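Only one structure is covered here, and it is reproduced in the block below.
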Amino acid sequence: MTSTPYTHDHAAPALPFPLILLLATGAGLAAASLYYSQPMLALLLAEFKSTPAAIGLVPTLTTLGYALGIGLLAPLGDRYDRRRIILGKAAALVLALLLAAAAPSVAVLALASLAIGLAATLAQDIVPAAATLAPEAHRGKTVGTVMTGLLLGILLSRVVAGVVAEQFGWRSMFVAAAVSIALLGVAVWRRLPRFEPTTQLPYLALLGSLATLWKRHGALRRAALAQGLISIGFSAFWSTLAIMLHAAPFNLGSGAAGAFGLAGAAGALAAPLAGRLADSKGPEVVTRLGAALVAAAFVAMAAGPDQLWLIALGAVVFDLGAQATLIAHQTIIYSIEPAARSRLNAVLFIGMFSGMASGAWLGSVVLAHAGWQGVCVMAAVAGAAALVVRLWPTKKLAPCVA
């Protein structure tokens, strides 16, 4: 176990591959915990004999917990050793996943889902850690590689959860997830270096500084708003896909819904490419291209709502767009104020996961009233709005006056 604290990122050597792999795997396993429930919603609906609206609280509260955790807990990465924070959250996440596995009712499962979301924010301690350890000239590539792990975790979680739930039951999936996080905790304890705090602000002042950073940096506001809009469509798609496929005319099980994660995973593999492109051509180009891909993919799916091949292709394209945009946005914000990377990351992801929580709720409402085609139209509008934000003249986003 390395005991020397890491202090200044400009002095960091190139990261060894085993450490990058650990960071990517850790981010992926933590983020995956947020999405295991999505392809299992039909099974949960049947077991608890509940309503779609009540079961919809499971992914909604998970995402809301993540957004709250980012706002309340992620800023601590600037104040304390990130390694200790990651270990503490890993232990909490194990307990929350085990509570979900043992849940006797929807209410308990919803409570466990909120706790899962709060603890899974350890992923957002890992990403700034990677940015801090990486040499500046290769920060975009390094963050992109770690984000590949995070995004593959998100997307492949649906595949794994769908198969495991069909074969062994949904409770087994939560138990397996708890075991994976426990093993991650052991690896982090042995391999991840300590980090020197970059601020001594008290907790309340640390939280208050999020608003200060928001007011100070127009680039941060633009990034959070655009990524939040893209996340509305992203979450609406994945939160309603299993229910849509389970109903007529498809009548498919949770395994089929989870398999769509393979389509989205193809887009995740482009994350390092997006990072390299942001390093070489500038992240602004990547954000606009990504938002345009998201809008175009959902327009195509809205035009053919009953075509499975088109839905699968759309998943590849919009996931590619969403992930490329996220990598570019992180490259932008990490260069703003190095000593505040955890807080800058927190603001970006508050916007992103607030959008995802809204998308999960809006998706279920729109599906009930306007069908799958309505969900795709809503997501296309959100993607187009994100493109408008990225095209908006920079002078319009000048620093706010306190």
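Within each chain, counting starts at residue 1; across the structure tokens, chains are named A, B, ... in the order shown, with ligands numbered 1 upward in that order.
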May I have the residues within 6 Å of stretch 109-119 of chain A as a PDB file with C-alpha atoms, in the first residue's frame, using only C-alpha atoms and disregarding those fewer than 4 positions away in the same chain?
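Output file out-v4.pdb follows:
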```
ATOM      1  CA  VAL A  58     -36.818   3.008  -7.150  1.00  0.00           C
ATOM      2  CA  LEU A  61     -34.791   7.901  -5.637  1.00  0.00           C
ATOM      3  CA  THR A  62     -31.516   6.218  -6.569  1.00  0.00           C
ATOM      4  CA  THR A  63     -30.728   9.030  -8.978  1.00  0.00           C
ATOM      5  CA  GLY A  65     -29.781  10.237  -3.840  1.00  0.00           C
ATOM      6  CA  TYR A  66     -26.823  10.419  -6.192  1.00  0.00           C
ATOM      7  CA  GLY A  69     -24.699  12.930  -2.464  1.00  0.00           C
ATOM      8  CA  LYS A  89     -18.379   5.361   0.892  1.00  0.00           C
ATOM      9  CA  ALA A  92     -21.706   2.405   3.128  1.00  0.00           C
ATOM     10  CA  LEU A  93     -22.555   1.227  -0.380  1.00  0.00           C
ATOM     11  CA  ALA A  96     -27.100  -0.190   1.238  1.00  0.00           C
ATOM     12  CA  LEU A  99     -30.498  -3.711   2.502  1.00  0.00           C
ATOM     13  CA  ALA A 100     -31.941  -3.625  -1.018  1.00  0.00           C
ATOM     14  CA  ALA A 103     -36.081  -5.452   1.239  1.00  0.00           C
TER      15      ALA A 103
END
```
List as CSV every residue of stretch 158-277 of chain A that is in contact with stretch 347-355 of chain A, defined as an atom at most 12 Å from one of its atoms (using only C-alpha atoms), together with the nearest atom pair and the distance in Å rounded to one decimal, sorted by chain and then rising number.
```
residue,atom,partner,partner_atom,distance
A:Leu207,CA,A:Val347,CA,10.5
A:Gly208,CA,A:Val347,CA,11.7
A:Ser209,CA,A:Val347,CA,10.4
A:Leu210,CA,A:Val347,CA,6.7
A:Ala211,CA,A:Val347,CA,8.7
A:Thr212,CA,A:Val347,CA,10.8
A:Leu213,CA,A:Val347,CA,8.5
A:Trp214,CA,A:Val347,CA,7.5
A:Lys215,CA,A:Val347,CA,11.3
A:His217,CA,A:Val347,CA,11.1
A:Ala219,CA,A:Leu348,CA,10.4
A:Leu220,CA,A:Leu348,CA,7.0
A:Arg221,CA,A:Leu348,CA,8.0
A:Arg222,CA,A:Leu348,CA,9.4
A:Ala223,CA,A:Leu348,CA,6.6
A:Ala224,CA,A:Leu348,CA,4.5
A:Leu225,CA,A:Gly351,CA,6.2
A:Ala226,CA,A:Met352,CA,8.4
A:Gln227,CA,A:Met352,CA,5.3
A:Gly228,CA,A:Met352,CA,4.0
A:Leu229,CA,A:Gly355,CA,6.1
A:Ile230,CA,A:Gly355,CA,7.6
A:Ser231,CA,A:Gly355,CA,5.2
A:Ile232,CA,A:Gly355,CA,4.8
A:Gly233,CA,A:Gly355,CA,8.5
A:Phe234,CA,A:Gly355,CA,9.0
A:Ser235,CA,A:Gly355,CA,8.0
A:Ala236,CA,A:Gly355,CA,9.7
```
### Straight-line distance linking atom CA of A:Val388 with atom CA of A:Arg288, stated in Å to one decimal
8.8 Å
#### Entry: Long-range neighbours of A:Cys376 as a PyMOL selection string, 7 Å cut-off, only C-alpha atoms, 3 positions minimum in chain
chain A and resi 298-299+301-302+372-373+379-380
With N, CA and C atoms kept, could you save the residues just selected as a PDB file, in the first residue's frame?
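Output below, filename result.pdb:
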```pdb
ATOM      1  N   PHE A 298     -32.513  10.467 -31.064  1.00  0.00           N
ATOM      2  CA  PHE A 298     -33.876  10.388 -30.562  1.00  0.00           C
ATOM      3  C   PHE A 298     -34.909  10.773 -31.617  1.00  0.00           C
ATOM      4  N   VAL A 299     -34.548  11.667 -32.510  1.00  0.00           N
ATOM      5  CA  VAL A 299     -35.447  11.970 -33.627  1.00  0.00           C
ATOM      6  C   VAL A 299     -35.672  10.721 -34.469  1.00  0.00           C
ATOM      7  N   MET A 301     -35.384   7.563 -33.494  1.00  0.00           N
ATOM      8  CA  MET A 301     -36.181   6.591 -32.757  1.00  0.00           C
ATOM      9  C   MET A 301     -37.652   6.993 -32.698  1.00  0.00           C
ATOM     10  N   ALA A 302     -37.916   8.284 -32.621  1.00  0.00           N
ATOM     11  CA  ALA A 302     -39.301   8.745 -32.628  1.00  0.00           C
ATOM     12  C   ALA A 302     -39.973   8.443 -33.959  1.00  0.00           C
ATOM     13  N   TRP A 372     -44.219   5.294 -26.041  1.00  0.00           N
ATOM     14  CA  TRP A 372     -42.775   5.293 -26.277  1.00  0.00           C
ATOM     15  C   TRP A 372     -42.354   6.393 -27.248  1.00  0.00           C
ATOM     16  N   GLN A 373     -43.178   6.641 -28.250  1.00  0.00           N
ATOM     17  CA  GLN A 373     -42.845   7.694 -29.200  1.00  0.00           C
ATOM     18  C   GLN A 373     -42.774   9.048 -28.502  1.00  0.00           C
ATOM     19  N   ALA A 379     -37.087  13.370 -25.358  1.00  0.00           N
ATOM     20  CA  ALA A 379     -35.633  13.270 -25.275  1.00  0.00           C
ATOM     21  C   ALA A 379     -34.956  14.033 -26.404  1.00  0.00           C
ATOM     22  N   ALA A 380     -35.554  14.019 -27.598  1.00  0.00           N
ATOM     23  CA  ALA A 380     -34.995  14.763 -28.725  1.00  0.00           C
ATOM     24  C   ALA A 380     -35.016  16.261 -28.456  1.00  0.00           C
TER      25      ALA A 380
END
```
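Each of A:Ala346, A:Leu313, A:Val160, A:Val286 was compared to A:His329 using only C-alpha atoms, and A:Val286 turns out to be the nearest.
From atom CA of A:Val159 back to atom CA of A:Val146, the distance works out to 20.3 Å.
Minimum atom-to-atom distance to A:Leu241, evaluated using only C-alpha atoms, belongs to A:Ala312 out of A:Ala312, A:Ala165, A:Leu391, A:Leu98.
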## Note on the structure
A straight line from atom CA of A:Ala107 to atom CA of A:Ala242 spans 21.1 Å
For the structure I just gave you, how does DSSP split stretch 158-221 of chain A - specifically, which residues are alpha helix (DSSP H)? Reply as a short mmCIF file (atom, residue, chain, number, x, y, z; two decimals) with all heavy atoms, in the first residue's frame.
```cif
data_model
loop_
_atom_site.label_atom_id
_atom_site.label_comp_id
_atom_site.auth_asym_id
_atom_site.auth_seq_id
_atom_site.Cartn_x
_atom_site.Cartn_y
_atom_site.Cartn_z
N ARG A 158 -26.88 -3.01 -16.84
CA ARG A 158 -28.21 -3.42 -17.27
C ARG A 158 -28.19 -4.82 -17.87
O ARG A 158 -29.12 -5.60 -17.70
CB ARG A 158 -28.76 -2.41 -18.27
CG ARG A 158 -28.87 -0.99 -17.69
CD ARG A 158 -29.41 -0.02 -18.72
NE ARG A 158 -29.57 1.31 -18.16
CZ ARG A 158 -28.68 2.29 -18.25
NH1 ARG A 158 -27.54 2.06 -18.89
NH2 ARG A 158 -28.90 3.46 -17.72
N VAL A 159 -27.12 -5.12 -18.61
CA VAL A 159 -26.98 -6.45 -19.19
C VAL A 159 -26.86 -7.48 -18.08
O VAL A 159 -27.57 -8.50 -18.05
CB VAL A 159 -25.76 -6.53 -20.12
CG1 VAL A 159 -25.64 -7.91 -20.74
CG2 VAL A 159 -25.83 -5.45 -21.19
N VAL A 160 -25.94 -7.23 -17.15
CA VAL A 160 -25.69 -8.17 -16.05
C VAL A 160 -26.94 -8.33 -15.20
O VAL A 160 -27.35 -9.45 -14.86
CB VAL A 160 -24.51 -7.68 -15.20
CG1 VAL A 160 -24.35 -8.54 -13.95
CG2 VAL A 160 -23.23 -7.68 -16.02
N ALA A 161 -27.57 -7.21 -14.84
CA ALA A 161 -28.74 -7.28 -13.98
C ALA A 161 -29.88 -8.03 -14.65
O ALA A 161 -30.59 -8.81 -14.01
CB ALA A 161 -29.19 -5.87 -13.59
N GLY A 162 -30.07 -7.80 -15.95
CA GLY A 162 -31.14 -8.49 -16.65
C GLY A 162 -30.95 -10.00 -16.65
O GLY A 162 -31.89 -10.76 -16.39
N VAL A 163 -29.74 -10.45 -16.92
CA VAL A 163 -29.45 -11.89 -16.98
C VAL A 163 -29.52 -12.51 -15.58
O VAL A 163 -30.16 -13.56 -15.38
CB VAL A 163 -28.08 -12.14 -17.61
CG1 VAL A 163 -27.69 -13.61 -17.50
CG2 VAL A 163 -28.07 -11.69 -19.07
N VAL A 164 -28.86 -11.87 -14.60
CA VAL A 164 -28.85 -12.42 -13.25
C VAL A 164 -30.26 -12.48 -12.66
O VAL A 164 -30.65 -13.47 -12.02
CB VAL A 164 -27.92 -11.59 -12.34
CG1 VAL A 164 -28.07 -12.01 -10.87
CG2 VAL A 164 -26.47 -11.74 -12.78
N ALA A 165 -31.04 -11.44 -12.89
CA ALA A 165 -32.40 -11.41 -12.35
C ALA A 165 -33.26 -12.52 -12.94
O ALA A 165 -34.07 -13.14 -12.24
CB ALA A 165 -33.04 -10.05 -12.62
N GLU A 166 -33.11 -12.77 -14.24
CA GLU A 166 -33.88 -13.84 -14.87
C GLU A 166 -33.47 -15.22 -14.37
O GLU A 166 -34.30 -16.11 -14.19
CB GLU A 166 -33.74 -13.77 -16.39
CG GLU A 166 -34.70 -12.81 -17.05
CD GLU A 166 -34.81 -13.06 -18.54
OE1 GLU A 166 -33.98 -13.80 -19.10
OE2 GLU A 166 -35.73 -12.49 -19.16
N GLN A 167 -32.17 -15.41 -14.15
CA GLN A 167 -31.66 -16.73 -13.78
C GLN A 167 -31.71 -17.01 -12.28
O GLN A 167 -31.98 -18.14 -11.86
CB GLN A 167 -30.22 -16.88 -14.29
CG GLN A 167 -30.09 -16.78 -15.79
CD GLN A 167 -30.85 -17.88 -16.53
OE1 GLN A 167 -30.85 -19.03 -16.11
NE2 GLN A 167 -31.49 -17.51 -17.63
N PHE A 168 -31.44 -16.00 -11.46
CA PHE A 168 -31.28 -16.24 -10.03
C PHE A 168 -32.17 -15.36 -9.15
O PHE A 168 -32.15 -15.50 -7.94
CB PHE A 168 -29.82 -16.01 -9.63
CG PHE A 168 -28.83 -16.81 -10.43
CD1 PHE A 168 -28.07 -16.22 -11.43
CD2 PHE A 168 -28.68 -18.17 -10.20
CE1 PHE A 168 -27.17 -16.96 -12.18
CE2 PHE A 168 -27.79 -18.92 -10.94
CZ PHE A 168 -27.03 -18.33 -11.94
N TRP A 170 -33.93 -11.18 -8.58
CA TRP A 170 -33.41 -9.82 -8.47
C TRP A 170 -32.62 -9.60 -7.17
O TRP A 170 -31.69 -8.79 -7.15
CB TRP A 170 -34.53 -8.80 -8.60
CG TRP A 170 -35.58 -8.85 -7.52
CD1 TRP A 170 -36.74 -9.57 -7.53
CD2 TRP A 170 -35.56 -8.14 -6.27
NE1 TRP A 170 -37.45 -9.36 -6.37
CE2 TRP A 170 -36.75 -8.48 -5.58
CE3 TRP A 170 -34.67 -7.26 -5.68
CZ2 TRP A 170 -37.06 -7.96 -4.33
CZ3 TRP A 170 -34.96 -6.74 -4.43
CH2 TRP A 170 -36.15 -7.09 -3.76
N ARG A 171 -32.96 -10.31 -6.11
CA ARG A 171 -32.22 -10.12 -4.86
C ARG A 171 -30.76 -10.57 -5.01
O ARG A 171 -29.84 -9.97 -4.41
CB ARG A 171 -32.90 -10.89 -3.72
CG ARG A 171 -34.30 -10.36 -3.39
CD ARG A 171 -34.94 -11.12 -2.25
NE ARG A 171 -36.34 -10.78 -2.11
CZ ARG A 171 -36.80 -9.74 -1.42
NH1 ARG A 171 -35.95 -8.95 -0.79
NH2 ARG A 171 -38.10 -9.50 -1.34
N SER A 172 -30.53 -11.61 -5.80
CA SER A 172 -29.17 -12.10 -6.02
C SER A 172 -28.30 -11.03 -6.67
O SER A 172 -27.09 -10.96 -6.41
CB SER A 172 -29.19 -13.36 -6.89
OG SER A 172 -29.89 -14.39 -6.25
N MET A 173 -28.91 -10.20 -7.51
CA MET A 173 -28.14 -9.15 -8.18
C MET A 173 -27.60 -8.15 -7.17
O MET A 173 -26.44 -7.72 -7.24
CB MET A 173 -29.01 -8.46 -9.23
CG MET A 173 -28.27 -7.42 -10.07
SD MET A 173 -26.92 -8.12 -11.04
CE MET A 173 -25.49 -7.43 -10.21
N PHE A 174 -28.41 -7.77 -6.21
CA PHE A 174 -27.96 -6.81 -5.21
C PHE A 174 -26.87 -7.42 -4.31
O PHE A 174 -25.93 -6.72 -3.90
CB PHE A 174 -29.13 -6.31 -4.38
CG PHE A 174 -30.01 -5.32 -5.09
CD1 PHE A 174 -31.34 -5.60 -5.34
CD2 PHE A 174 -29.49 -4.09 -5.49
CE1 PHE A 174 -32.14 -4.68 -6.00
CE2 PHE A 174 -30.29 -3.16 -6.16
CZ PHE A 174 -31.62 -3.46 -6.41
N VAL A 175 -26.99 -8.70 -4.01
CA VAL A 175 -25.95 -9.36 -3.20
C VAL A 175 -24.62 -9.38 -3.97
O VAL A 175 -23.56 -9.07 -3.42
CB VAL A 175 -26.38 -10.79 -2.83
CG1 VAL A 175 -25.22 -11.53 -2.17
CG2 VAL A 175 -27.58 -10.76 -1.90
N ALA A 176 -24.68 -9.76 -5.25
CA ALA A 176 -23.47 -9.79 -6.07
C ALA A 176 -22.84 -8.40 -6.17
O ALA A 176 -21.61 -8.25 -6.13
CB ALA A 176 -23.79 -10.33 -7.46
N ALA A 177 -23.67 -7.38 -6.28
CA ALA A 177 -23.16 -6.01 -6.34
C ALA A 177 -22.44 -5.64 -5.05
O ALA A 177 -21.39 -4.99 -5.07
CB ALA A 177 -24.30 -5.04 -6.62
N ALA A 178 -23.00 -6.04 -3.91
CA ALA A 178 -22.37 -5.75 -2.62
C ALA A 178 -20.99 -6.42 -2.52
O ALA A 178 -20.03 -5.82 -2.03
CB ALA A 178 -23.27 -6.22 -1.48
N VAL A 179 -20.89 -7.65 -3.00
CA VAL A 179 -19.61 -8.35 -2.98
C VAL A 179 -18.58 -7.63 -3.85
O VAL A 179 -17.41 -7.47 -3.47
CB VAL A 179 -19.79 -9.81 -3.45
CG1 VAL A 179 -18.44 -10.49 -3.63
CG2 VAL A 179 -20.65 -10.59 -2.45
N SER A 180 -19.00 -7.17 -5.02
CA SER A 180 -18.07 -6.48 -5.93
C SER A 180 -17.53 -5.20 -5.31
O SER A 180 -16.34 -4.88 -5.45
CB SER A 180 -18.75 -6.18 -7.27
OG SER A 180 -19.70 -5.13 -7.14
N ILE A 181 -18.38 -4.45 -4.60
CA ILE A 181 -17.93 -3.21 -3.96
C ILE A 181 -17.00 -3.51 -2.79
O ILE A 181 -16.02 -2.78 -2.54
CB ILE A 181 -19.13 -2.37 -3.51
CG1 ILE A 181 -19.98 -1.95 -4.72
CG2 ILE A 181 -18.66 -1.12 -2.76
CD1 ILE A 181 -19.24 -1.11 -5.75
N ALA A 182 -17.27 -4.59 -2.07
CA ALA A 182 -16.38 -4.97 -0.97
C ALA A 182 -14.99 -5.30 -1.49
O ALA A 182 -13.97 -4.89 -0.90
CB ALA A 182 -16.98 -6.17 -0.22
N LEU A 183 -14.91 -6.03 -2.60
CA LEU A 183 -13.61 -6.35 -3.20
C LEU A 183 -12.92 -5.08 -3.70
O LEU A 183 -11.69 -4.95 -3.58
CB LEU A 183 -13.80 -7.34 -4.34
CG LEU A 183 -14.29 -8.74 -3.94
CD1 LEU A 183 -14.57 -9.59 -5.18
CD2 LEU A 183 -13.27 -9.42 -3.04
N LEU A 184 -13.69 -4.15 -4.25
CA LEU A 184 -13.13 -2.88 -4.68
C LEU A 184 -12.49 -2.14 -3.51
O LEU A 184 -11.39 -1.58 -3.62
CB LEU A 184 -14.21 -2.02 -5.32
CG LEU A 184 -13.83 -0.55 -5.58
CD1 LEU A 184 -12.73 -0.46 -6.63
CD2 LEU A 184 -15.06 0.25 -6.00
N GLY A 185 -13.19 -2.13 -2.37
CA GLY A 185 -12.66 -1.47 -1.19
C GLY A 185 -11.30 -2.01 -0.77
O GLY A 185 -10.40 -1.25 -0.40
N VAL A 186 -11.14 -3.31 -0.84
CA VAL A 186 -9.86 -3.93 -0.50
C VAL A 186 -8.76 -3.47 -1.46
O VAL A 186 -7.64 -3.13 -1.04
CB VAL A 186 -9.98 -5.47 -0.52
CG1 VAL A 186 -8.61 -6.12 -0.34
CG2 VAL A 186 -10.94 -5.95 0.57
N ALA A 187 -9.08 -3.44 -2.76
CA ALA A 187 -8.09 -3.03 -3.76
C ALA A 187 -7.70 -1.57 -3.59
O ALA A 187 -6.52 -1.20 -3.70
CB ALA A 187 -8.65 -3.27 -5.17
N VAL A 188 -8.68 -0.70 -3.30
CA VAL A 188 -8.39 0.72 -3.08
C VAL A 188 -7.51 0.90 -1.85
O VAL A 188 -6.56 1.69 -1.86
CB VAL A 188 -9.71 1.51 -2.94
CG1 VAL A 188 -9.44 2.92 -2.40
CG2 VAL A 188 -10.43 1.59 -4.27
N TRP A 189 -7.81 0.18 -0.79
CA TRP A 189 -7.02 0.27 0.44
C TRP A 189 -5.56 -0.11 0.19
O TRP A 189 -4.64 0.48 0.76
CB TRP A 189 -7.63 -0.65 1.49
CG TRP A 189 -6.85 -0.70 2.78
CD1 TRP A 189 -6.78 0.26 3.74
CD2 TRP A 189 -6.01 -1.78 3.22
NE1 TRP A 189 -5.95 -0.15 4.76
CE2 TRP A 189 -5.46 -1.40 4.47
CE3 TRP A 189 -5.68 -3.02 2.68
CZ2 TRP A 189 -4.60 -2.23 5.18
CZ3 TRP A 189 -4.82 -3.85 3.40
CH2 TRP A 189 -4.29 -3.45 4.63
N ARG A 190 -5.34 -1.06 -0.70
CA ARG A 190 -3.98 -1.54 -0.96
C ARG A 190 -3.23 -0.69 -1.98
O ARG A 190 -2.00 -0.57 -1.89
CB ARG A 190 -4.03 -2.99 -1.44
CG ARG A 190 -4.54 -3.98 -0.41
CD ARG A 190 -4.39 -5.40 -0.89
NE ARG A 190 -2.98 -5.74 -1.11
CZ ARG A 190 -2.57 -6.89 -1.63
NH1 ARG A 190 -3.45 -7.81 -2.02
NH2 ARG A 190 -1.28 -7.12 -1.80
N ARG A 191 -3.91 -0.12 -2.97
CA ARG A 191 -3.21 0.45 -4.13
C ARG A 191 -3.32 1.96 -4.31
O ARG A 191 -2.43 2.56 -4.91
CB ARG A 191 -3.74 -0.22 -5.41
CG ARG A 191 -3.55 -1.73 -5.45
CD ARG A 191 -2.07 -2.10 -5.44
NE ARG A 191 -1.87 -3.54 -5.53
CZ ARG A 191 -0.69 -4.15 -5.42
NH1 ARG A 191 0.39 -3.42 -5.24
NH2 ARG A 191 -0.59 -5.46 -5.51
N TYR A 203 -16.99 22.74 6.70
CA TYR A 203 -17.95 22.05 5.84
C TYR A 203 -18.99 22.99 5.24
O TYR A 203 -19.24 22.96 4.02
CB TYR A 203 -18.63 20.93 6.62
CG TYR A 203 -19.66 20.19 5.80
CD1 TYR A 203 -19.30 19.40 4.72
CD2 TYR A 203 -21.02 20.29 6.11
CE1 TYR A 203 -20.24 18.72 3.96
CE2 TYR A 203 -21.97 19.61 5.36
CZ TYR A 203 -21.58 18.83 4.29
OH TYR A 203 -22.52 18.16 3.54
N LEU A 204 -19.61 23.82 6.06
CA LEU A 204 -20.66 24.71 5.54
C LEU A 204 -20.09 25.71 4.53
O LEU A 204 -20.72 26.02 3.52
CB LEU A 204 -21.36 25.44 6.69
CG LEU A 204 -22.22 24.54 7.61
CD1 LEU A 204 -22.87 25.39 8.71
CD2 LEU A 204 -23.29 23.80 6.80
N ALA A 205 -18.89 26.21 4.82
CA ALA A 205 -18.26 27.13 3.87
C ALA A 205 -17.90 26.40 2.58
O ALA A 205 -17.97 26.97 1.48
CB ALA A 205 -17.00 27.75 4.49
N LEU A 206 -17.52 25.12 2.71
CA LEU A 206 -17.20 24.31 1.54
C LEU A 206 -18.44 24.16 0.64
O LEU A 206 -18.36 24.32 -0.58
CB LEU A 206 -16.71 22.94 1.99
CG LEU A 206 -16.00 22.05 0.98
CD1 LEU A 206 -14.65 22.64 0.60
CD2 LEU A 206 -15.82 20.65 1.54
N LEU A 207 -19.59 23.89 1.28
CA LEU A 207 -20.83 23.80 0.50
C LEU A 207 -21.20 25.15 -0.09
O LEU A 207 -21.65 25.23 -1.24
CB LEU A 207 -21.97 23.29 1.39
CG LEU A 207 -21.85 21.86 1.93
CD1 LEU A 207 -23.11 21.48 2.69
CD2 LEU A 207 -21.60 20.86 0.81
N GLY A 208 -21.00 26.21 0.69
CA GLY A 208 -21.31 27.54 0.18
C GLY A 208 -20.46 27.93 -1.01
O GLY A 208 -20.89 28.70 -1.87
N SER A 209 -19.25 27.38 -1.07
CA SER A 209 -18.36 27.72 -2.18
C SER A 209 -18.87 27.16 -3.51
O SER A 209 -18.44 27.62 -4.58
CB SER A 209 -16.94 27.22 -1.90
OG SER A 209 -16.88 25.79 -1.94
N LEU A 210 -19.77 26.17 -3.47
CA LEU A 210 -20.36 25.67 -4.73
C LEU A 210 -21.11 26.79 -5.44
O LEU A 210 -21.01 26.95 -6.65
CB LEU A 210 -21.31 24.50 -4.44
CG LEU A 210 -20.70 23.24 -3.84
CD1 LEU A 210 -21.79 22.19 -3.64
CD2 LEU A 210 -19.59 22.68 -4.72
N ALA A 211 -21.86 27.57 -4.66
CA ALA A 211 -22.59 28.70 -5.25
C ALA A 211 -21.63 29.76 -5.77
O ALA A 211 -21.85 30.38 -6.82
CB ALA A 211 -23.55 29.30 -4.23
N THR A 212 -20.53 29.96 -5.02
CA THR A 212 -19.52 30.93 -5.47
C THR A 212 -18.90 30.52 -6.79
O THR A 212 -18.73 31.33 -7.71
CB THR A 212 -18.43 31.07 -4.40
OG1 THR A 212 -19.02 31.49 -3.17
CG2 THR A 212 -17.38 32.09 -4.83
N LEU A 213 -18.56 29.24 -6.91
CA LEU A 213 -17.99 28.73 -8.16
C LEU A 213 -19.00 28.85 -9.29
O LEU A 213 -18.64 29.17 -10.43
CB LEU A 213 -17.57 27.27 -7.98
CG LEU A 213 -16.37 27.03 -7.05
CD1 LEU A 213 -16.23 25.55 -6.74
CD2 LEU A 213 -15.09 27.57 -7.68
N TRP A 214 -20.27 28.57 -9.01
CA TRP A 214 -21.32 28.70 -10.03
C TRP A 214 -21.41 30.13 -10.54
O TRP A 214 -21.51 30.37 -11.74
CB TRP A 214 -22.65 28.25 -9.42
CG TRP A 214 -23.84 28.45 -10.31
CD1 TRP A 214 -24.66 29.54 -10.36
CD2 TRP A 214 -24.35 27.55 -11.30
NE1 TRP A 214 -25.64 29.37 -11.29
CE2 TRP A 214 -25.48 28.16 -11.88
CE3 TRP A 214 -23.95 26.28 -11.72
CZ2 TRP A 214 -26.22 27.53 -12.89
CZ3 TRP A 214 -24.69 25.66 -12.72
CH2 TRP A 214 -25.81 26.29 -13.30
N LYS A 215 -21.37 31.09 -9.64
CA LYS A 215 -21.47 32.50 -10.03
C LYS A 215 -20.22 32.96 -10.78
O LYS A 215 -20.29 33.78 -11.70
CB LYS A 215 -21.68 33.38 -8.80
CG LYS A 215 -23.02 33.18 -8.12
CD LYS A 215 -23.10 34.03 -6.86
CE LYS A 215 -24.43 33.84 -6.15
NZ LYS A 215 -24.53 34.65 -4.90
N ARG A 216 -19.07 32.43 -10.37
CA ARG A 216 -17.80 32.92 -10.89
C ARG A 216 -17.51 32.44 -12.31
O ARG A 216 -16.89 33.16 -13.10
CB ARG A 216 -16.67 32.48 -9.96
CG ARG A 216 -15.28 33.00 -10.34
CD ARG A 216 -14.24 32.45 -9.39
NE ARG A 216 -14.51 32.83 -8.02
CZ ARG A 216 -14.04 32.20 -6.95
NH1 ARG A 216 -13.28 31.12 -7.09
NH2 ARG A 216 -14.33 32.61 -5.73
N GLY A 218 -18.74 31.12 -15.89
CA GLY A 218 -19.77 30.88 -16.89
C GLY A 218 -19.60 29.55 -17.59
O GLY A 218 -20.59 28.90 -17.96
N ALA A 219 -18.36 29.12 -17.77
CA ALA A 219 -18.12 27.83 -18.43
C ALA A 219 -18.68 26.68 -17.60
O ALA A 219 -19.17 25.68 -18.15
CB ALA A 219 -16.62 27.62 -18.64
N LEU A 220 -18.65 26.81 -16.28
CA LEU A 220 -19.22 25.78 -15.40
C LEU A 220 -20.74 25.75 -15.53
O LEU A 220 -21.34 24.67 -15.61
CB LEU A 220 -18.80 26.06 -13.96
CG LEU A 220 -19.37 25.12 -12.90
CD1 LEU A 220 -18.92 23.68 -13.13
CD2 LEU A 220 -18.96 25.59 -11.50
N ARG A 221 -21.35 26.92 -15.57
CA ARG A 221 -22.82 26.97 -15.69
C ARG A 221 -23.27 26.37 -17.01
O ARG A 221 -24.24 25.61 -17.07
CB ARG A 221 -23.31 28.41 -15.56
CG ARG A 221 -22.98 29.05 -14.22
CD ARG A 221 -23.79 30.32 -13.99
NE ARG A 221 -23.54 31.35 -15.00
CZ ARG A 221 -22.54 32.21 -14.95
NH1 ARG A 221 -21.64 32.14 -13.96
NH2 ARG A 221 -22.39 33.14 -15.88
#
```
### Message
Set the distance at 8 Å and use only C-alpha atoms: which residues neighbour stretch 42-55 of chain A once local chain neighbours fewer than 3 positions away are removed? I'd like the list as a ChimeraX atom specification.
### Response
/A:39,58,105-106,170,242-243,246,254,364
